[in-house]
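Raw query_17.txt, compact mmCIF, C-alpha atoms:
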```
# COMPACT_ATOMS: atom_id res chain seq x y z
CA MET O 25 105.08 70.93 149.19
CA PRO O 26 106.50 73.36 151.79
CA SER O 27 106.18 76.50 149.65
CA LEU O 28 102.48 75.78 149.06
CA PHE O 29 101.99 75.39 152.81
CA LEU O 30 103.66 78.76 153.34
CA HIS O 31 101.40 80.37 150.75
CA LEU O 32 98.32 78.98 152.49
CA ILE O 33 99.48 80.26 155.88
CA VAL O 34 100.04 83.76 154.50
CA ILE O 35 96.67 83.76 152.75
CA PHE O 36 94.88 82.67 155.92
CA PHE O 37 96.46 85.13 158.34
CA SER O 38 96.47 88.12 155.99
CA CYS O 39 92.70 87.59 155.49
CA VAL O 40 92.09 87.13 159.23
CA PHE O 41 94.02 90.28 160.17
CA ALA O 42 92.19 92.27 157.49
CA ALA O 43 88.85 90.95 158.80
CA ILE O 44 89.81 92.15 162.29
CA GLY O 45 90.58 95.54 160.77
CA VAL O 46 87.16 95.62 159.10
CA GLN O 47 85.41 94.81 162.37
CA GLN O 48 87.31 97.56 164.19
CA ASN O 49 86.29 100.11 161.56
CA GLN O 50 82.67 98.95 161.42
CA ARG O 51 82.27 99.14 165.19
CA LYS O 52 83.35 102.78 165.01
CA GLY O 53 81.02 103.45 162.08
CA TYR O 54 83.68 104.55 159.60
CA LYS O 55 82.51 104.90 155.99
CA THR O 56 86.04 104.72 154.59
CA MET O 57 89.03 102.67 155.68
CA LYS O 58 90.91 103.95 158.73
CA ILE O 59 94.29 102.47 159.60
CA ASN O 60 94.22 100.18 162.63
CA ALA O 61 96.20 97.26 164.04
CA GLY O 62 94.37 94.65 161.97
CA TYR O 63 95.05 96.41 158.68
CA ILE O 64 98.67 97.07 159.61
CA LEU O 65 99.34 93.42 160.42
CA SER O 66 97.61 92.26 157.24
CA PHE O 67 99.48 94.80 155.13
CA LEU O 68 102.86 93.91 156.61
CA LEU O 69 102.30 90.21 156.05
CA VAL O 70 101.36 90.66 152.39
CA ALA O 71 104.06 93.28 151.71
CA ILE O 72 106.84 91.23 153.31
CA PHE O 73 105.65 88.10 151.52
CA LEU O 74 105.87 89.84 148.14
CA ALA O 75 109.03 91.79 148.94
CA SER O 76 111.07 88.89 150.32
CA ARG O 77 110.78 86.62 147.28
CA THR O 78 113.85 85.74 145.22
CA TYR O 79 113.88 84.16 141.74
CA LEU O 80 110.09 84.07 141.75
CA GLY O 81 108.50 85.98 138.87
CA ARG O 82 108.88 85.24 135.16
CA ASP O 83 110.39 88.67 134.40
CA TRP O 84 112.90 88.49 137.25
CA ASP O 85 115.94 88.12 134.96
CA ASN O 86 114.70 90.84 132.61
CA TYR O 87 114.36 93.37 135.42
CA TYR O 88 117.72 92.31 136.83
CA ARG O 89 119.27 93.01 133.42
CA ILE O 90 117.67 96.44 133.27
CA PHE O 91 118.61 97.27 136.87
CA SER O 92 122.21 96.12 136.48
CA SER O 93 122.94 97.87 133.17
CA VAL O 94 120.45 100.68 133.09
CA TYR O 95 122.56 103.01 130.96
CA GLN O 96 122.74 100.48 128.11
CA GLN O 97 119.01 99.74 127.99
CA GLU O 98 116.15 101.19 126.04
CA PHE O 99 114.84 102.47 129.37
CA GLU O 100 116.61 105.80 129.11
CA PHE O 101 115.41 109.33 129.69
CA GLY O 102 114.26 110.55 126.30
CA GLU O 103 113.65 106.96 125.14
CA SER O 104 111.06 106.00 127.74
CA ARG O 105 108.39 108.13 129.41
CA GLU O 106 107.97 105.85 132.43
CA LEU O 107 109.78 108.32 134.65
CA GLY O 108 108.77 106.80 137.98
CA PHE O 109 110.36 103.49 137.02
CA LEU O 110 113.45 105.22 135.64
CA LEU O 111 113.92 107.44 138.67
CA LEU O 112 113.52 104.51 141.05
CA VAL O 113 116.10 102.40 139.22
CA ARG O 114 118.56 105.30 138.94
CA LEU O 115 118.12 106.23 142.59
CA LEU O 116 118.75 102.71 143.83
CA ASN O 117 121.76 102.37 141.54
CA SER O 118 123.19 105.67 142.72
CA LEU O 119 122.85 104.54 146.34
CA GLY O 120 124.73 101.34 145.53
CA LEU O 121 121.79 99.13 146.53
CA GLU O 122 121.32 95.65 145.17
CA PHE O 123 118.58 94.47 142.83
CA HIS O 124 116.46 93.07 145.63
CA SER O 125 115.89 96.62 146.89
CA PHE O 126 113.99 97.25 143.64
CA ILE O 127 111.85 94.13 144.19
CA SER O 128 111.14 95.19 147.77
CA ILE O 129 110.13 98.75 146.94
CA THR O 130 107.90 97.79 144.02
CA ALA O 131 106.27 95.10 146.17
CA ILE O 132 105.54 97.63 148.91
CA LEU O 133 104.18 100.18 146.41
CA THR O 134 101.92 97.54 144.88
CA THR O 135 100.62 96.45 148.28
CA VAL O 136 99.95 100.05 149.33
CA LEU O 137 97.94 100.65 146.15
CA PHE O 138 96.14 97.32 146.58
CA TYR O 139 94.91 98.24 150.06
CA MET O 140 94.14 101.84 149.04
CA ALA O 141 91.92 100.57 146.20
CA PHE O 142 89.53 99.26 148.88
CA ARG O 143 89.50 102.49 150.88
CA LYS O 144 85.83 103.12 150.06
CA GLN O 145 84.85 99.44 150.13
CA TYR O 146 86.95 98.31 153.07
CA ALA O 147 84.55 95.55 154.09
CA LEU O 148 85.56 93.70 150.91
CA LEU O 149 89.29 93.66 151.65
CA PRO O 150 89.58 90.28 153.45
CA ILE O 151 87.76 88.53 150.60
CA ALA O 152 89.79 90.45 148.01
CA ILE O 153 93.07 89.36 149.62
CA PHE O 154 91.93 85.74 149.34
CA PHE O 155 91.10 86.14 145.65
CA PHE O 156 94.30 88.12 145.04
CA PHE O 157 96.36 85.07 145.97
CA VAL O 158 94.21 82.24 144.63
CA GLY O 159 93.32 84.08 141.41
CA GLN O 160 95.63 85.40 138.73
CA GLU O 161 96.54 88.71 140.41
CA TYR O 162 99.37 87.33 142.53
CA SER O 163 101.12 85.63 139.61
CA MET O 164 100.72 88.73 137.42
CA VAL O 165 102.03 91.10 140.09
CA ILE O 166 105.22 89.09 140.71
CA ASN O 167 105.69 88.63 136.97
CA THR O 168 105.23 92.07 135.43
CA ILE O 169 106.15 94.05 138.56
CA ARG O 170 105.93 97.67 137.36
CA GLN O 171 102.74 97.03 135.38
CA GLY O 172 101.24 95.71 138.59
CA ILE O 173 101.74 99.18 140.06
CA ALA O 174 99.94 100.72 137.09
CA VAL O 175 97.04 98.24 137.28
CA PHE O 176 96.39 99.02 140.94
CA CYS O 177 96.62 102.73 140.14
CA PHE O 178 93.77 102.11 137.69
CA LEU O 179 91.72 100.39 140.41
CA ASN O 180 92.33 103.40 142.65
CA ALA O 181 91.24 105.73 139.86
CA LEU O 182 87.93 103.86 139.60
CA ASN O 183 87.19 104.84 143.19
CA TYR O 184 86.54 108.41 142.12
CA ILE O 185 84.42 108.27 138.97
CA GLU O 186 81.25 108.71 141.03
CA ASP O 187 82.54 111.50 143.28
CA GLU O 188 80.58 114.73 143.33
CA LYS O 189 83.61 117.03 143.22
CA ARG O 190 86.15 116.89 140.37
CA PRO O 191 85.84 113.13 139.70
CA PHE O 192 87.70 113.23 136.36
CA LEU O 193 90.60 115.13 137.89
CA LYS O 194 90.93 112.58 140.69
CA TYR O 195 90.65 109.77 138.15
CA MET O 196 93.41 111.29 136.03
CA VAL O 197 95.74 111.80 138.98
CA PHE O 198 95.94 108.03 139.51
CA ILE O 199 96.10 107.35 135.78
CA LEU O 200 99.13 109.65 135.49
CA ILE O 201 100.78 108.12 138.56
CA GLY O 202 100.34 104.71 136.96
CA ALA O 203 101.78 106.00 133.69
CA LEU O 204 105.00 106.82 135.53
CA PHE O 205 105.54 103.05 135.80
CA HIS O 206 103.75 101.62 132.76
CA TYR O 207 102.17 103.88 130.17
CA SER O 208 99.85 101.16 128.90
CA ILE O 209 97.45 102.56 131.50
CA LEU O 210 96.86 105.58 129.24
CA VAL O 211 94.79 103.36 126.94
CA PHE O 212 92.19 103.20 129.70
CA ILE O 213 91.48 106.91 130.07
CA PRO O 214 88.17 106.49 128.11
CA PHE O 215 87.01 103.88 130.61
CA TYR O 216 86.11 106.77 132.90
CA TRP O 217 82.98 107.03 130.73
CA VAL O 218 82.63 103.33 129.88
CA ALA O 219 82.38 102.45 133.58
CA LYS O 220 79.44 104.83 133.94
CA ILE O 221 77.25 103.10 131.36
CA LYS O 222 74.24 101.50 133.02
CA PHE O 223 73.94 98.25 131.09
CA ASN O 224 71.11 95.94 131.94
CA PRO O 225 72.40 92.35 132.22
CA TYR O 226 71.14 91.16 128.84
CA VAL O 227 72.66 94.10 126.98
CA LEU O 228 75.94 93.57 128.85
CA TYR O 229 76.02 89.88 127.94
CA GLY O 230 75.22 90.76 124.33
CA VAL O 231 78.03 93.32 124.20
CA CYS O 232 80.46 90.79 125.68
CA ALA O 233 79.45 88.08 123.23
CA ALA O 234 79.75 90.48 120.28
CA LEU O 235 83.13 91.69 121.53
CA PHE O 236 84.38 88.13 121.89
CA ALA O 237 83.18 87.20 118.39
CA PHE O 238 84.63 90.33 116.81
CA CYS O 239 88.03 89.84 118.44
CA PHE O 240 88.15 86.10 117.79
CA PHE O 241 87.10 86.13 114.15
CA PHE O 242 88.53 89.42 112.89
CA LEU O 243 91.22 90.98 115.07
CA MET O 244 93.38 87.87 115.63
CA ASP O 245 94.25 87.75 111.93
CA ILE O 246 95.84 91.20 112.00
CA TYR O 247 97.65 90.69 115.31
CA GLY O 248 101.00 89.79 113.72
CA ASP O 249 100.77 92.57 111.12
CA VAL O 250 100.24 95.16 113.83
CA LEU O 251 103.21 93.91 115.85
CA LEU O 252 105.46 94.00 112.79
CA ALA O 253 104.61 97.67 112.42
CA ILE O 254 105.83 98.43 115.97
CA PRO O 255 109.65 98.45 116.11
CA LYS O 256 109.74 97.62 119.83
CA TYR O 257 107.83 94.35 119.31
CA SER O 258 108.61 93.32 115.74
CA GLY O 259 111.65 91.35 116.87
CA TYR O 260 109.56 89.34 119.30
CA ILE O 261 107.36 87.70 116.67
CA GLY O 262 107.40 83.96 117.21
CA ASP O 263 108.77 83.90 120.77
CA ASP O 264 107.02 83.47 124.10
CA HIS O 265 106.79 87.22 124.74
CA VAL O 266 104.05 87.38 122.14
CA PHE O 267 102.45 84.00 121.60
CA ALA O 268 101.92 81.21 124.12
CA ASP O 269 102.19 78.05 122.05
CA ASN O 270 101.70 75.83 125.07
CA SER O 271 98.50 77.50 126.26
CA THR O 272 95.71 74.92 126.40
CA PHE O 273 92.38 74.54 128.12
CA GLY O 274 93.01 71.76 130.61
CA LEU O 275 90.96 70.91 133.69
CA GLY O 276 92.40 73.80 135.69
CA ALA O 277 91.72 76.35 132.95
CA ILE O 278 88.15 75.10 132.47
CA LEU O 279 87.50 75.19 136.21
CA LEU O 280 88.92 78.71 136.42
CA LEU O 281 86.76 79.86 133.49
CA THR O 282 83.67 78.42 135.19
CA LEU O 283 84.49 80.16 138.46
CA ARG O 284 85.01 83.45 136.63
CA ILE O 285 81.76 83.28 134.68
CA VAL O 286 79.54 82.53 137.69
CA PRO O 287 79.51 86.14 139.01
CA LEU O 288 78.06 87.42 135.73
CA PHE O 289 74.87 85.45 136.35
CA PHE O 290 74.36 87.46 139.55
CA TYR O 291 75.04 90.85 137.99
CA GLN O 292 71.51 92.19 138.43
CA PRO O 293 70.80 91.22 142.09
CA VAL O 294 74.30 92.17 143.27
CA VAL O 295 74.18 95.57 141.55
CA LYS O 296 70.69 96.15 142.96
CA ARG O 297 71.98 95.62 146.51
CA TYR O 298 75.38 97.23 145.95
CA PRO O 299 75.03 99.92 143.23
CA GLN O 300 78.70 100.83 143.58
CA SER O 301 79.59 97.39 142.18
CA ARG O 302 78.18 98.15 138.71
CA LYS O 303 81.34 99.71 137.25
CA TYR O 304 83.44 96.75 138.36
CA PHE O 305 81.04 94.22 136.85
CA ILE O 306 80.95 96.06 133.54
CA LEU O 307 84.72 96.44 133.19
CA TYR O 308 85.34 92.89 134.37
CA ALA O 309 82.88 91.44 131.84
CA LEU O 310 84.48 93.40 129.01
CA GLY O 311 87.95 92.39 130.17
CA ILE O 312 87.36 88.65 130.24
CA SER O 313 85.57 88.83 126.88
CA ILE O 314 88.75 90.21 125.29
CA TYR O 315 91.04 87.99 127.36
CA TYR O 316 89.43 84.72 126.30
CA SER O 317 89.39 85.89 122.69
CA PHE O 318 93.16 86.33 122.79
CA TYR O 319 94.18 83.98 125.61
CA LYS O 320 97.26 82.84 123.66
CA PHE O 321 98.37 86.35 122.69
CA LEU O 322 100.37 87.55 125.66
CA LEU O 323 100.81 91.19 124.72
CA ILE O 324 97.06 91.65 124.39
CA THR O 325 96.16 89.69 127.51
CA ARG O 326 98.54 91.87 129.51
CA PHE O 327 96.47 94.90 128.56
CA THR O 328 93.31 93.17 129.75
CA PHE O 329 94.70 92.89 133.29
CA TYR O 330 93.53 96.45 133.92
CA LEU O 331 89.96 95.26 133.42
CA GLN O 332 90.33 91.71 134.72
CA PHE O 333 91.62 92.90 138.09
CA CYS O 334 88.13 94.30 138.69
CA GLU O 335 87.35 90.69 139.62
CA LEU O 336 88.78 91.45 143.06
CA PHE O 337 85.74 93.67 143.60
CA VAL O 338 83.28 91.55 141.61
CA PHE O 339 84.06 88.33 143.50
CA SER O 340 84.10 90.14 146.83
CA PHE O 341 80.72 91.81 146.27
CA LEU O 342 79.33 88.45 145.14
CA ILE O 343 80.57 86.59 148.25
CA LEU O 344 79.21 89.37 150.46
CA TYR O 345 75.85 89.17 148.70
CA TRP O 346 75.66 85.39 149.06
CA TRP O 347 76.79 85.37 152.67
CA HIS O 348 74.17 87.92 153.74
CA SER O 349 71.43 85.75 152.26
CA LYS O 350 69.03 84.19 154.75
CA ASN O 351 69.01 81.01 152.70
CA VAL O 352 71.14 78.30 154.35
CA PHE O 353 71.75 76.64 150.98
CA THR O 354 73.25 79.89 149.65
CA LYS O 355 75.67 80.04 152.56
CA VAL O 356 76.70 76.44 151.91
CA PHE O 357 77.13 77.27 148.22
CA THR O 358 79.32 80.24 149.19
CA ILE O 359 81.63 78.00 151.19
CA GLY O 360 81.69 75.52 148.32
CA TYR O 361 82.57 78.26 145.81
CA LEU O 362 85.43 79.51 148.00
CA GLY O 363 86.59 75.93 148.55
CA LEU O 364 86.54 75.18 144.85
CA THR O 365 88.53 78.34 144.15
CA LEU O 366 91.11 77.34 146.74
CA PHE O 367 91.23 73.81 145.32
CA ASN O 368 91.94 75.26 141.88
CA PHE O 369 94.85 77.26 143.33
CA ILE O 370 96.29 74.17 145.02
CA TYR O 371 95.72 72.02 141.93
CA LEU O 372 97.56 74.49 139.70
CA PHE O 373 100.28 75.44 142.19
CA LYS O 374 102.94 73.24 140.61
CA ASP O 375 102.17 74.75 137.20
CA PHE O 376 102.36 78.19 138.79
CA LEU O 377 105.88 77.49 140.05
CA GLU O 378 106.99 76.04 136.72
CA ASP O 379 105.78 79.19 135.00
CA GLN O 380 107.10 81.77 137.46
CA LEU O 381 110.37 80.34 138.75
CA VAL O 382 113.60 81.40 137.06
CA ARG O 383 115.77 79.18 139.30
CA ASN O 384 115.12 75.84 140.99
CA ASN O 385 116.27 77.34 144.26
CA PHE O 386 114.12 80.24 145.45
CA SER O 387 113.06 81.86 148.69
CA ILE O 388 109.99 83.46 150.21
CA MET O 389 109.67 85.05 153.66
CA PHE O 390 113.43 84.53 154.04
CA MET O 391 112.99 80.76 153.77
CA ASP O 392 114.75 78.75 151.08
CA PHE O 393 112.96 76.22 148.89
CA THR O 394 113.93 73.88 146.07
CA PHE O 395 111.54 73.06 143.24
CA ARG O 396 111.80 69.56 141.80
```
Hey, can you dump this file as structure tokens for me?
Amino acid sequence: MPSLFLHLIVIFFSCVFAAIGVQQNQRKGYKTMKINAGYILSFLLVAIFLASRTYLGRDWDNYYRIFSSVYQQEFEFGESRELGFLLLVRLLNSLGLEFHSFISITAILTTVLFYMAFRKQYALLPIAIFFFFVGQEYSMVINTIRQGIAVFCFLNALNYIEDEKRPFLKYMVFILIGALFHYSILVFIPFYWVAKIKFNPYVLYGVCAALFAFCFFFLMDIYGDVLLAIPKYSGYIGDDHVFADNSTFGLGAILLLTLRIVPLFFYQPVVKRYPQSRKYFILYALGISIYYSFYKFLLITRFTFYLQFCELFVFSFLILYWWHSKNVFTKVFTIGYLGLTLFNFIYLFKDFLEDQLVRNNFSIMFMDFTFR
């Protein structure tokens, strides 16, 4: 289908331009990302792709409702503390701009934070862009919009937990910026210390298994009771904001689960070669343990995105580790793993559109498409 072809073109060229940017920085010996032509082209392609979409994103109508009647919504000063979101909506309304200006600005903010998150690990960016689109990050970003900003603020915060000077202060700066758009990020303040724990692989796997079992067998039973106690969510009990009745483990879901578990088997060798990857492995492992315990419970799985998005680093470190191996079989396996991941994206693309489209007619990159 034409929209899939467009997605593949954007994925390819945004990765290629980012790779050119990496090479330019590496030739000059930079330790952190420096802006150059390759990065600019890659950034513009991704930002325009996200910003130009219409009717793509499950929460599109909800944000349109908030944007168009902001004074009648629960998102009011004094009612909500997400001041960055409120100020942005009020500013755009006061300027008489249309709803798409909100989509464009949030898309650009998200893309800026995405690229900034790889400032210290810029060699990973081309691989991360690939996984951003073929993994779950792209669909989450276009769906929950302002939470996507908060999630990438969290990834930026993780950059600083190993700094020598004022690491907690730098960490908190990004946490508080994220809270201006979605204060669910505040739950993750303690992960400043969690990410520093030096688990050996067997202890980590044991913690993940215990966490999965505890959540699955004990916490699911009290899920509804907790929601009933929260006025904001009590009215949602029984609808698709809270519980995904149609969520099943089909071929695509099983393949995705397999692809996501593979990196955990390489935790020890990857961390040995790239010590900076440890925090991402730990948070990612904890995140998917909770996610697959509650995969039908949407409110909980949305919280786990903060941890699951660490897969952008985990997968990228893993591919880098495999590719630098002198073993030819490992290189072939790397290509196969990337190919299988891309196949999974293509295989599930129709389901992605069915889930994310709010109209049959939509557009991306200023091109119109019809979903049948």
* Spatial neighbours of Tyr330 of chain O, max dist 9 Å, only C-alpha atoms, sep filter under 5 positions, as an NGL selection string -> :O and (174-176 or 178-179 or 209 or 212 or 307-308 or 311)
Limited to C-alpha atoms, could you put the picked residues into a file as a CSV table (one decimal), keeping the file's coordinate frame?
```
chain,number,residue,atom,x,y,z
O,174,ALA,CA,99.9,100.7,137.1
O,175,VAL,CA,97.0,98.2,137.3
O,176,PHE,CA,96.4,99.0,140.9
O,178,PHE,CA,93.8,102.1,137.7
O,179,LEU,CA,91.7,100.4,140.4
O,209,ILE,CA,97.4,102.6,131.5
O,212,PHE,CA,92.2,103.2,129.7
O,307,LEU,CA,84.7,96.4,133.2
O,308,TYR,CA,85.3,92.9,134.4
O,311,GLY,CA,88.0,92.4,130.2
```
Where does segment 91-194 of chain O meet segment 287-301 of chain O within 12 Å, residue by residue, with the nearest atom pair and distance in Å to one decimal for each, counting all atoms listed in the file, listed by chain and rising number, as a Markdown table?
```
| residue | atom | partner | partner_atom | distance |
| --- | --- | --- | --- | --- |
| O:Lys144 | CA | O:Gln300 | CA | 9.9 |
| O:Gln145 | CA | O:Gln300 | CA | 9.1 |
| O:Leu148 | CA | O:Ser301 | CA | 11.2 |
| O:Leu182 | CA | O:Gln300 | CA | 10.5 |
| O:Asn183 | CA | O:Gln300 | CA | 9.4 |
| O:Tyr184 | CA | O:Gln300 | CA | 11.0 |
| O:Ile185 | CA | O:Gln300 | CA | 10.5 |
| O:Glu186 | CA | O:Gln300 | CA | 8.7 |
| O:Asp187 | CA | O:Gln300 | CA | 11.3 |
```
* Interatomic distance, atom CA of Thr168 of chain O to atom CA of Asp83 of chain O (Å, one decimal) -> 6.3 Å
What's the 12 Å shell around segment 205-208 of chain O, counting all atoms listed in the file, without same-chain residues fewer than 6 positions away, as a PDB file with C-alpha atoms, in the frame of the given file?
```
ATOM      1  CA  PHE O  99     114.840 102.470 129.370  1.00  0.00           C
ATOM      2  CA  SER O 104     111.060 106.000 127.740  1.00  0.00           C
ATOM      3  CA  ARG O 105     108.390 108.130 129.410  1.00  0.00           C
ATOM      4  CA  GLU O 106     107.970 105.850 132.430  1.00  0.00           C
ATOM      5  CA  LEU O 107     109.780 108.320 134.650  1.00  0.00           C
ATOM      6  CA  GLY O 108     108.770 106.800 137.980  1.00  0.00           C
ATOM      7  CA  PHE O 109     110.360 103.490 137.020  1.00  0.00           C
ATOM      8  CA  LEU O 110     113.450 105.220 135.640  1.00  0.00           C
ATOM      9  CA  LEU O 111     113.920 107.440 138.670  1.00  0.00           C
ATOM     10  CA  LEU O 112     113.520 104.510 141.050  1.00  0.00           C
ATOM     11  CA  VAL O 113     116.100 102.400 139.220  1.00  0.00           C
ATOM     12  CA  THR O 130     107.900  97.790 144.020  1.00  0.00           C
ATOM     13  CA  LEU O 133     104.180 100.180 146.410  1.00  0.00           C
ATOM     14  CA  THR O 134     101.920  97.540 144.880  1.00  0.00           C
ATOM     15  CA  THR O 168     105.230  92.070 135.430  1.00  0.00           C
ATOM     16  CA  ILE O 169     106.150  94.050 138.560  1.00  0.00           C
ATOM     17  CA  ARG O 170     105.930  97.670 137.360  1.00  0.00           C
ATOM     18  CA  GLN O 171     102.740  97.030 135.380  1.00  0.00           C
ATOM     19  CA  GLY O 172     101.240  95.710 138.590  1.00  0.00           C
ATOM     20  CA  ILE O 173     101.740  99.180 140.060  1.00  0.00           C
ATOM     21  CA  ALA O 174      99.940 100.720 137.090  1.00  0.00           C
ATOM     22  CA  VAL O 175      97.040  98.240 137.280  1.00  0.00           C
ATOM     23  CA  PHE O 176      96.390  99.020 140.940  1.00  0.00           C
ATOM     24  CA  CYS O 177      96.620 102.730 140.140  1.00  0.00           C
ATOM     25  CA  PHE O 178      93.770 102.110 137.690  1.00  0.00           C
ATOM     26  CA  PHE O 198      95.940 108.030 139.510  1.00  0.00           C
ATOM     27  CA  ILE O 199      96.100 107.350 135.780  1.00  0.00           C
ATOM     28  CA  LEU O 323     100.810  91.190 124.720  1.00  0.00           C
ATOM     29  CA  ILE O 324      97.060  91.650 124.390  1.00  0.00           C
ATOM     30  CA  ARG O 326      98.540  91.870 129.510  1.00  0.00           C
ATOM     31  CA  PHE O 327      96.470  94.900 128.560  1.00  0.00           C
ATOM     32  CA  THR O 328      93.310  93.170 129.750  1.00  0.00           C
ATOM     33  CA  PHE O 329      94.700  92.890 133.290  1.00  0.00           C
ATOM     34  CA  TYR O 330      93.530  96.450 133.920  1.00  0.00           C
TER      35      TYR O 330
END
```
* To do: Using only C-alpha atoms, pick whichever of O:Asn49, O:Lys194, O:Lys189, O:Ser76 has the shortest atom-to-atom distance to Ile129 of chain O.
  => O:Ser76
* How many Å separate atom CA of Ile35 of chain O from atom CA of Ile151 of chain O? -> 10.3 Å
* To do: Find the residue from O:Cys334, O:Cys39, O:Ile33, O:Leu200 that sits nearest to Gly62 of chain O; use all atoms listed in the file when measuring.
  =>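 The closest residue to Gly62 of chain O is O:Cys39.
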* Find the residue from O:Ser349, O:Thr325, O:Ser128, O:Ser163 that sits nearest to Phe376 of chain O; use all atoms listed in the file when measuring. =>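 Smallest separation from Phe376 of chain O among the options: O:Ser163.
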* From O:Leu119, O:Val227, O:Ile72, O:Ile388, residue lying nearest Phe29 of chain O [all atoms listed in the file] -> O:Ile388
* Structure fact -> Separating atom CA of Arg77 of chain O from atom CA of Ser387 of chain O, to the nearest tenth of an Å, is a gap of 5.5 Å
